[in-house]
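Have a look at upload17.txt below; it lists compact mmCIF, C-alpha atoms.
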# COMPACT_ATOMS: atom_id res chain seq x y z
CA MET A 320 6.97 17.72 16.63
CA VAL A 321 3.79 15.70 16.63
CA GLY A 322 3.67 11.90 16.64
CA VAL A 323 0.54 10.30 15.21
CA ASP A 324 -0.66 6.69 15.44
CA PRO A 325 -3.47 6.35 12.87
CA GLY A 326 -6.63 4.38 13.62
CA LEU A 327 -10.23 4.78 12.53
CA THR A 328 -11.68 4.34 16.01
CA ALA A 329 -8.88 6.19 17.79
CA THR A 330 -5.92 8.06 16.34
CA GLY A 331 -3.31 8.77 18.99
CA TYR A 332 -1.37 12.03 18.85
CA ALA A 333 1.34 13.61 20.97
CA VAL A 334 2.85 17.07 20.62
CA LEU A 335 6.38 17.42 22.02
CA GLU A 336 8.88 20.21 22.14
CA ALA A 337 12.61 19.67 22.59
CA ALA A 338 14.35 22.32 24.69
CA ASN A 339 17.45 22.36 26.89
CA GLY A 340 18.18 18.68 26.44
CA SER A 341 14.75 17.51 27.48
CA LEU A 342 11.37 16.96 25.88
CA ARG A 343 8.19 18.59 27.02
CA VAL A 344 4.75 17.16 26.27
CA HIS A 345 2.45 19.98 25.19
CA GLU A 346 -0.62 17.92 24.46
CA CYS A 347 -1.51 14.31 23.84
CA GLY A 348 -4.70 12.36 23.37
CA CYS A 349 -6.86 10.50 20.88
CA ALA A 350 -8.95 11.77 17.99
CA ARG A 351 -11.96 9.48 17.96
CA SER A 352 -14.77 8.60 15.60
CA THR A 353 -18.04 6.76 16.13
CA SER A 354 -18.42 3.35 14.53
CA THR A 355 -22.08 4.00 13.68
CA GLN A 356 -21.14 6.84 11.33
CA PRO A 357 -20.33 6.30 7.64
CA LEU A 358 -16.65 6.05 6.76
CA GLU A 359 -16.49 9.54 5.25
CA ALA A 360 -17.89 11.12 8.43
CA ARG A 361 -15.40 9.19 10.56
CA LEU A 362 -12.49 10.33 8.39
CA SER A 363 -13.79 13.86 8.56
CA ALA A 364 -13.98 13.76 12.38
CA ILE A 365 -10.40 12.53 12.67
CA HIS A 366 -9.11 14.98 10.06
CA ASP A 367 -10.77 17.91 11.80
CA GLU A 368 -9.66 16.99 15.31
CA LEU A 369 -6.07 16.42 14.24
CA GLY A 370 -6.23 19.61 12.19
CA GLY A 371 -7.17 21.42 15.40
CA VAL A 372 -4.09 20.03 17.16
CA LEU A 373 -1.84 21.04 14.24
CA GLY A 374 -3.42 24.47 14.20
CA ARG A 375 -2.85 24.99 17.94
CA TRP A 376 0.79 23.88 18.02
CA ARG A 377 2.00 24.28 14.44
CA PRO A 378 4.58 21.48 14.67
CA ALA A 379 7.17 21.62 11.89
CA VAL A 380 7.19 17.82 11.64
CA THR A 381 4.51 15.12 11.79
CA VAL A 382 5.95 11.69 12.60
CA LEU A 383 4.18 8.57 11.34
CA GLU A 384 5.11 4.94 11.30
CA GLY A 385 6.19 4.09 7.75
CA LEU A 386 4.34 1.61 5.59
CA TYR A 387 6.09 -1.35 7.12
CA ALA A 388 3.01 -2.86 8.70
CA GLU A 389 2.34 -6.53 8.32
CA TYR A 390 -0.33 -7.32 5.84
CA GLY A 391 -2.13 -10.11 7.64
CA PHE A 392 -5.42 -8.26 7.33
CA PRO A 393 -5.34 -6.41 4.01
CA ARG A 394 -8.74 -4.79 4.47
CA THR A 395 -7.72 -3.43 7.87
CA ALA A 396 -4.48 -2.13 6.37
CA ILE A 397 -6.38 -0.38 3.58
CA VAL A 398 -8.81 1.24 6.02
CA MET A 399 -5.77 2.36 8.04
CA GLY A 400 -4.49 3.79 4.73
CA HIS A 401 -7.63 5.96 4.53
CA VAL A 402 -6.94 7.38 8.00
CA ARG A 403 -3.27 7.88 7.20
CA GLY A 404 -4.36 9.71 4.04
CA VAL A 405 -6.42 12.32 5.89
CA ILE A 406 -3.65 12.72 8.47
CA CYS A 407 -1.06 13.36 5.74
CA LEU A 408 -3.51 15.82 4.20
CA ALA A 409 -3.96 17.66 7.52
CA ALA A 410 -0.15 17.84 7.82
CA ALA A 411 0.12 19.32 4.30
CA GLN A 412 -2.63 21.82 5.09
CA HIS A 413 -0.69 22.98 8.16
CA ARG A 414 2.70 22.93 6.41
CA SER A 415 3.99 20.20 8.69
CA ARG A 416 6.51 17.90 7.01
CA VAL A 417 5.66 14.19 7.24
CA MET A 418 8.53 12.08 8.59
CA GLU A 419 8.26 8.30 8.45
CA VAL A 420 10.07 6.06 10.90
CA SER A 421 10.16 2.29 11.09
CA PRO A 422 8.95 0.28 14.10
CA ALA A 423 12.51 -1.03 14.54
CA GLU A 424 13.85 2.52 14.66
CA VAL A 425 11.29 3.42 17.33
CA LYS A 426 12.26 0.43 19.46
CA SER A 427 15.97 1.01 18.96
CA ALA A 428 15.88 4.75 19.70
CA LEU A 429 13.87 4.25 22.89
CA THR A 430 15.42 1.14 24.36
CA GLY A 431 18.63 0.45 22.48
CA SER A 432 17.13 -2.77 21.08
CA GLY A 433 15.22 -3.10 17.80
CA ARG A 434 13.26 -5.98 19.34
CA ALA A 435 11.84 -4.31 22.46
CA SER A 436 8.39 -5.30 23.74
CA LYS A 437 5.41 -2.95 23.98
CA GLU A 438 5.90 -2.90 27.76
CA GLN A 439 9.57 -1.87 27.39
CA ILE A 440 8.51 0.95 25.05
CA ARG A 441 5.89 2.07 27.54
CA ARG A 442 8.42 2.19 30.35
CA ALA A 443 10.98 4.01 28.18
CA VAL A 444 8.43 6.64 27.09
CA THR A 445 7.33 7.17 30.70
CA ARG A 446 10.92 7.58 31.89
CA MET A 447 12.24 9.69 29.02
CA LEU A 448 9.33 12.10 29.18
CA ARG A 449 9.27 12.08 32.99
CA LEU A 450 5.56 11.22 32.98
CA LYS A 451 3.93 10.83 36.38
CA GLU A 452 2.34 7.61 35.20
CA PRO A 453 2.52 5.48 32.06
CA PRO A 454 0.25 6.52 29.17
CA ALA A 455 -3.16 4.95 29.72
CA SER A 456 -3.82 4.46 26.02
CA GLU A 457 -1.67 2.36 23.72
CA HIS A 458 -2.41 4.79 20.89
CA VAL A 459 -1.12 7.73 22.91
CA CYS A 460 1.93 5.71 23.97
CA ASP A 461 2.74 4.91 20.34
CA ALA A 462 2.26 8.56 19.36
CA LEU A 463 4.57 9.70 22.18
CA ALA A 464 7.18 7.15 21.09
CA LEU A 465 7.01 8.34 17.47
CA ALA A 466 7.35 11.97 18.54
CA VAL A 467 10.39 11.14 20.69
CA VAL A 468 12.05 9.38 17.76
CA GLY A 469 11.24 12.31 15.50
CA ALA A 470 12.83 14.69 18.00
CA VAL A 471 15.94 12.51 18.23
CA ARG A 472 16.23 12.42 14.45
CA GLU A 473 15.90 16.19 14.37
CA GLY A 474 18.82 16.48 16.75
CA ALA A 475 17.38 16.47 20.27
CA SER A 476 19.93 14.96 22.66
CA LEU A 477 18.34 12.72 25.25
CA GLY A 478 19.94 10.59 27.89
CA ARG A 479 18.48 7.11 27.82
CA SER A 480 19.91 6.44 31.28
CA MET B 1382 -23.75 12.01 -9.24
CA VAL B 1383 -19.96 11.86 -9.45
CA GLY B 1384 -18.00 8.68 -10.11
CA VAL B 1385 -14.43 8.61 -8.84
CA ASP B 1386 -11.63 6.16 -9.65
CA PRO B 1387 -8.89 6.80 -7.05
CA GLY B 1388 -5.22 6.81 -8.00
CA LEU B 1389 -2.20 8.71 -6.68
CA THR B 1390 -0.91 9.66 -10.13
CA ALA B 1391 -4.33 10.18 -11.68
CA THR B 1392 -7.76 10.06 -10.05
CA GLY B 1393 -10.49 9.86 -12.66
CA TYR B 1394 -13.77 11.65 -12.04
CA ALA B 1395 -17.02 12.04 -13.97
CA VAL B 1396 -20.02 14.18 -13.08
CA LEU B 1397 -23.32 12.99 -14.56
CA GLU B 1398 -26.89 14.17 -14.32
CA ALA B 1399 -29.88 11.96 -15.01
CA ALA B 1400 -32.79 13.73 -16.69
CA ASN B 1401 -35.61 12.62 -19.00
CA GLY B 1402 -34.41 9.05 -19.22
CA SER B 1403 -30.89 9.91 -20.30
CA LEU B 1404 -27.62 10.82 -18.67
CA ARG B 1405 -25.72 13.99 -19.36
CA VAL B 1406 -21.98 14.32 -18.71
CA HIS B 1407 -21.31 17.67 -17.07
CA GLU B 1408 -17.58 17.29 -16.56
CA CYS B 1409 -15.03 14.53 -16.54
CA GLY B 1410 -11.26 14.36 -16.27
CA CYS B 1411 -8.35 13.40 -14.05
CA ALA B 1412 -7.03 15.01 -10.89
CA ARG B 1413 -3.28 14.53 -11.12
CA SER B 1414 -0.28 14.76 -8.83
CA THR B 1415 3.43 14.89 -9.52
CA SER B 1416 5.52 11.89 -8.53
CA THR B 1417 8.43 14.08 -7.41
CA GLN B 1418 6.32 15.63 -4.63
CA PRO B 1419 6.06 14.13 -1.13
CA LEU B 1420 3.01 11.94 -0.49
CA GLU B 1421 1.23 14.57 1.59
CA ALA B 1422 1.51 17.18 -1.18
CA ARG B 1423 0.20 14.66 -3.73
CA LEU B 1424 -2.79 13.83 -1.54
CA SER B 1425 -3.40 17.52 -1.02
CA ALA B 1426 -3.36 18.19 -4.80
CA ILE B 1427 -5.89 15.42 -5.47
CA HIS B 1428 -8.08 16.44 -2.52
CA ASP B 1429 -8.15 20.05 -3.64
CA GLU B 1430 -8.84 19.32 -7.31
CA LEU B 1431 -11.63 16.90 -6.53
CA GLY B 1432 -12.97 19.34 -3.94
CA GLY B 1433 -13.17 21.90 -6.75
CA VAL B 1434 -15.25 19.51 -8.85
CA LEU B 1435 -17.56 18.76 -5.91
CA GLY B 1436 -17.89 22.47 -5.19
CA ARG B 1437 -18.81 23.27 -8.80
CA TRP B 1438 -21.44 20.57 -9.25
CA ARG B 1439 -22.53 19.69 -5.71
CA PRO B 1440 -23.40 16.06 -6.55
CA ALA B 1441 -25.60 14.42 -3.90
CA VAL B 1442 -23.73 11.13 -4.33
CA THR B 1443 -20.08 10.16 -4.82
CA VAL B 1444 -19.69 6.67 -6.29
CA LEU B 1445 -16.56 4.66 -5.51
CA GLU B 1446 -15.58 1.10 -6.15
CA GLY B 1447 -15.93 -0.78 -2.86
CA LEU B 1448 -13.00 -2.37 -1.08
CA TYR B 1449 -13.18 -5.49 -3.19
CA ALA B 1450 -9.84 -4.94 -4.89
CA GLU B 1451 -7.42 -7.81 -5.13
CA TYR B 1452 -4.60 -7.59 -2.69
CA GLY B 1453 -1.75 -8.82 -4.88
CA PHE B 1454 0.24 -5.68 -4.08
CA PRO B 1455 -0.59 -4.73 -0.48
CA ARG B 1456 1.56 -1.60 -0.50
CA THR B 1457 -0.16 -0.33 -3.65
CA ALA B 1458 -3.55 -1.08 -2.09
CA ILE B 1459 -2.61 0.86 1.06
CA VAL B 1460 -1.41 3.86 -0.96
CA MET B 1461 -4.71 3.68 -2.88
CA GLY B 1462 -6.36 3.69 0.55
CA HIS B 1463 -4.69 7.05 1.26
CA VAL B 1464 -6.14 8.52 -1.93
CA ARG B 1465 -9.54 7.00 -1.22
CA GLY B 1466 -9.35 8.55 2.26
CA VAL B 1467 -8.92 12.11 1.00
CA ILE B 1468 -11.65 11.54 -1.61
CA CYS B 1469 -14.09 10.35 1.08
CA LEU B 1470 -13.10 13.39 3.13
CA ALA B 1471 -13.76 15.75 0.21
CA ALA B 1472 -17.18 14.09 -0.23
CA ALA B 1473 -17.98 14.60 3.47
CA GLN B 1474 -16.85 18.22 3.26
CA HIS B 1475 -19.25 18.80 0.35
CA ARG B 1476 -22.09 16.81 1.91
CA SER B 1477 -21.97 14.23 -0.87
CA ARG B 1478 -22.96 10.73 0.27
CA VAL B 1479 -20.41 8.02 -0.57
CA MET B 1480 -21.93 5.04 -2.40
CA GLU B 1481 -19.84 1.92 -2.90
CA VAL B 1482 -20.42 -0.45 -5.80
CA SER B 1483 -18.65 -3.68 -6.63
CA PRO B 1484 -16.75 -4.28 -9.89
CA ALA B 1485 -19.23 -7.08 -10.71
CA GLU B 1486 -22.15 -4.68 -10.27
CA VAL B 1487 -20.49 -2.18 -12.63
CA LYS B 1488 -19.98 -4.85 -15.28
CA SER B 1489 -23.46 -6.27 -14.87
CA ALA B 1490 -25.24 -2.91 -14.93
CA LEU B 1491 -23.40 -1.78 -18.05
CA THR B 1492 -23.30 -4.95 -20.13
CA GLY B 1493 -25.66 -7.44 -18.53
CA SER B 1494 -22.70 -9.67 -17.67
CA GLY B 1495 -20.73 -9.60 -14.44
CA ARG B 1496 -17.69 -10.83 -16.34
CA ALA B 1497 -17.41 -8.16 -19.04
CA SER B 1498 -13.99 -7.09 -20.31
CA LYS B 1499 -12.57 -3.56 -20.02
CA GLU B 1500 -13.20 -3.11 -23.74
CA GLN B 1501 -16.86 -4.09 -23.36
CA ILE B 1502 -17.22 -1.58 -20.52
CA ARG B 1503 -15.62 1.10 -22.64
CA ARG B 1504 -18.02 0.44 -25.51
CA ALA B 1505 -21.02 0.36 -23.16
CA VAL B 1506 -20.05 3.66 -21.53
CA THR B 1507 -19.52 5.28 -24.93
CA ARG B 1508 -22.89 4.07 -26.21
CA MET B 1509 -24.95 4.73 -23.07
CA LEU B 1510 -23.62 8.26 -22.67
CA ARG B 1511 -23.73 8.92 -26.43
CA LEU B 1512 -20.09 10.02 -26.40
CA LYS B 1513 -18.64 11.07 -29.75
CA GLU B 1514 -15.62 8.91 -29.06
CA PRO B 1515 -14.57 6.45 -26.35
CA PRO B 1516 -12.97 7.97 -23.23
CA ALA B 1517 -9.26 8.41 -23.90
CA SER B 1518 -8.27 7.65 -20.30
CA GLU B 1519 -8.99 4.40 -18.52
CA HIS B 1520 -9.41 6.34 -15.26
CA VAL B 1521 -12.08 8.57 -16.80
CA CYS B 1522 -13.79 5.54 -18.33
CA ASP B 1523 -13.93 3.82 -14.93
CA ALA B 1524 -15.25 7.00 -13.31
CA LEU B 1525 -17.97 7.32 -15.99
CA ALA B 1526 -18.93 3.67 -15.48
CA LEU B 1527 -19.18 4.15 -11.71
CA ALA B 1528 -21.32 7.26 -12.13
CA VAL B 1529 -23.66 5.42 -14.53
CA VAL B 1530 -24.10 2.59 -12.03
CA GLY B 1531 -24.72 5.10 -9.25
CA ALA B 1532 -27.39 6.80 -11.37
CA VAL B 1533 -29.04 3.45 -12.14
CA ARG B 1534 -29.07 2.56 -8.44
CA GLU B 1535 -30.63 5.93 -7.68
CA GLY B 1536 -33.42 5.15 -10.11
CA ALA B 1537 -32.32 6.45 -13.52
CA SER B 1538 -33.92 4.31 -16.24
CA LEU B 1539 -31.58 3.66 -19.11
CA GLY B 1540 -32.03 1.46 -22.12
CA ARG B 1541 -29.05 -0.77 -22.60
CA SER B 1542 -30.12 -1.50 -26.15
Now that the file is in, can you turn its structure into structure tokens?
Amino acid sequence: MVGVDPGLTATGYAVLEAANGSLRVHECGCARSTSTQPLEARLSAIHDELGGVLGRWRPAVTVLEGLYAEYGFPRTAIVMGHVRGVICLAAAQHRSRVMEVSPAEVKSALTGSGRASKEQIRRAVTRMLRLKEPPASEHVCDALALAVVGAVREGASLGRS
Amino acid sequence: MVGVDPGLTATGYAVLEAANGSLRVHECGCARSTSTQPLEARLSAIHDELGGVLGRWRPAVTVLEGLYAEYGFPRTAIVMGHVRGVICLAAAQHRSRVMEVSPAEVKSALTGSGRASKEQIRRAVTRMLRLKEPPASEHVCDALALAVVGAVREGASLGRS
């Protein structure tokens, strides 16, 4: 299971494995690109780095937030679409099935409320994954949250207590 | 020079070469995907087919319409962003520089008017490329038009008369 939070500057990813009623974080981080590069080079950098992660861990499922984003900034959303495109491609190339979850489902699965704040999500992720400290990056936190929800959907049983 | 008109169902492409004051069409067509497949498989099909074209002809430049599209259907625009993402990636992988042109520049370069109709563009493309008949597909026609504009920008001299 890998959760991915697409972004052109930084794409968060988190590889989890569910075993014995708990989740283990194998690897998490950000695939980054440099803003001085042309768009195609930036997409290539993110595609290749995420491809490396998929190649190392071979997750059966890649979890992405569905296309439920708000469209306040259409150009930003379309650029995000480019990044999402190369992530979906990397998943296909590594035979990882793309699973889409909604933001409400993420919030609900992690906190019991579909209207949880970012801070509540951060605390829930830290607790559920028994992290020593909260994820430093918001992108990584979102990727961890997506991976947890993917694992729950795939049948992992996790106490929220 | 390859012009590309991104679409999930059909991505038009057209490979042109400028020589001796005229343009020669090497190959044009549509990379297609099947609507019953998951998004990632569709993106993979388009990426791979376009990659084949780029591999065969090794165009120095890939011409795309810039992000000037109207945002009447944000979801459609974001899905188009996915396709554009894998096309940019294929260009990067084949060391083809991505050039963006605006719809107004396409119209102006082909007809002398930035407000030309689709039919005027079709006639201009047919005449300028000395095609035996107009392009059957709108996607191919748009790709040919983009490639012509790319060639003109790169210095090809073409009589519009």
Residues at most 10 Å from B:Pro1440, counting only C-alpha atoms, excluding those fewer than 3 positions away in the same chain, as a compact mmCIF listing (two decimals) with C-alpha atoms, in the coordinates of the input?
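File written: around_18.txt
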# COMPACT_ATOMS: atom_id res chain seq x y z
CA MET B 1382 -23.75 12.01 -9.24
CA VAL B 1383 -19.96 11.86 -9.45
CA GLY B 1384 -18.00 8.68 -10.11
CA VAL B 1396 -20.02 14.18 -13.08
CA LEU B 1397 -23.32 12.99 -14.56
CA GLU B 1398 -26.89 14.17 -14.32
CA VAL B 1434 -15.25 19.51 -8.85
CA LEU B 1435 -17.56 18.76 -5.91
CA GLY B 1436 -17.89 22.47 -5.19
CA ARG B 1437 -18.81 23.27 -8.80
CA THR B 1443 -20.08 10.16 -4.82
CA ALA B 1472 -17.18 14.09 -0.23
CA HIS B 1475 -19.25 18.80 0.35
CA ARG B 1476 -22.09 16.81 1.91
CA SER B 1477 -21.97 14.23 -0.87
CA ARG B 1478 -22.96 10.73 0.27
Mind pulling up the distance from atom CA of B:Arg1456 to atom CA of A:Leu386?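 Separation between atom CA of A:Leu386 and atom CA of B:Arg1456: 7.4 Å.
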Sorted per-residue table, chain A near chain B, closest atoms and distance, 6 Å, all atoms listed in the file, as a Markdown table:
| residue | atom | partner | partner_atom | distance |
| --- | --- | --- | --- | --- |
| A:Glu359 | CA | B:Cys1469 | CA | 4.9 |
| A:Ser363 | CA | B:Leu1470 | CA | 5.5 |
| A:Ile397 | CA | B:Ile1459 | CA | 4.7 |
| A:Gly400 | CA | B:Gly1462 | CA | 4.6 |
| A:His401 | CA | B:Gly1466 | CA | 3.8 |
| A:Gly404 | CA | B:His1463 | CA | 3.9 |
| A:Val405 | CA | B:Val1467 | CA | 5.5 |
| A:Cys407 | CA | B:Glu1421 | CA | 4.9 |
| A:Leu408 | CA | B:Ser1425 | CA | 5.5 |
| A:Ala411 | CA | B:Glu1421 | CA | 5.6 |
To one decimal in Å, tell me the separation between atom CA of B:Leu1512 and atom CA of B:Val1529.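 Atom-to-atom, atom CA of B:Leu1512 and atom CA of B:Val1529 are spaced 13.2 Å apart.
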Residue nearest A:Leu327 among A:Pro422, A:His458, A:Ser427, A:Ser432 (counting all atoms listed in the file):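 The answer is A:His458, which sits nearest to A:Leu327.
Closest to B:Glu1446 among B:Ala1399, B:Lys1513, B:Pro1387, B:Asp1429 is B:Pro1387, based on all atoms listed in the file.
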Do a neighbour search on stretch 437-447 of chain A at 7 Å with all atoms listed in the file, toss out local chain neighbours closer than 5 positions, and write the hits as a ChimeraX atom specification. /A:426,429-430,452-453,460,463-464,479
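The interatomic distance for the pair atom CA of B:Arg1413 and atom CA of B:Pro1516 works out to 16.8 Å.
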Using only C-alpha atoms, which protein or nucleic acid residues come within 8 Å of A:Leu383? Drop anything in the same chain fewer than 2 positions from it, and give the result as a list of chain:residue names. A:Gly322, A:Val323, A:Asp324, A:Thr381, A:Gly385, A:Val417, A:Met418, A:Glu419, A:Val420, A:Leu465
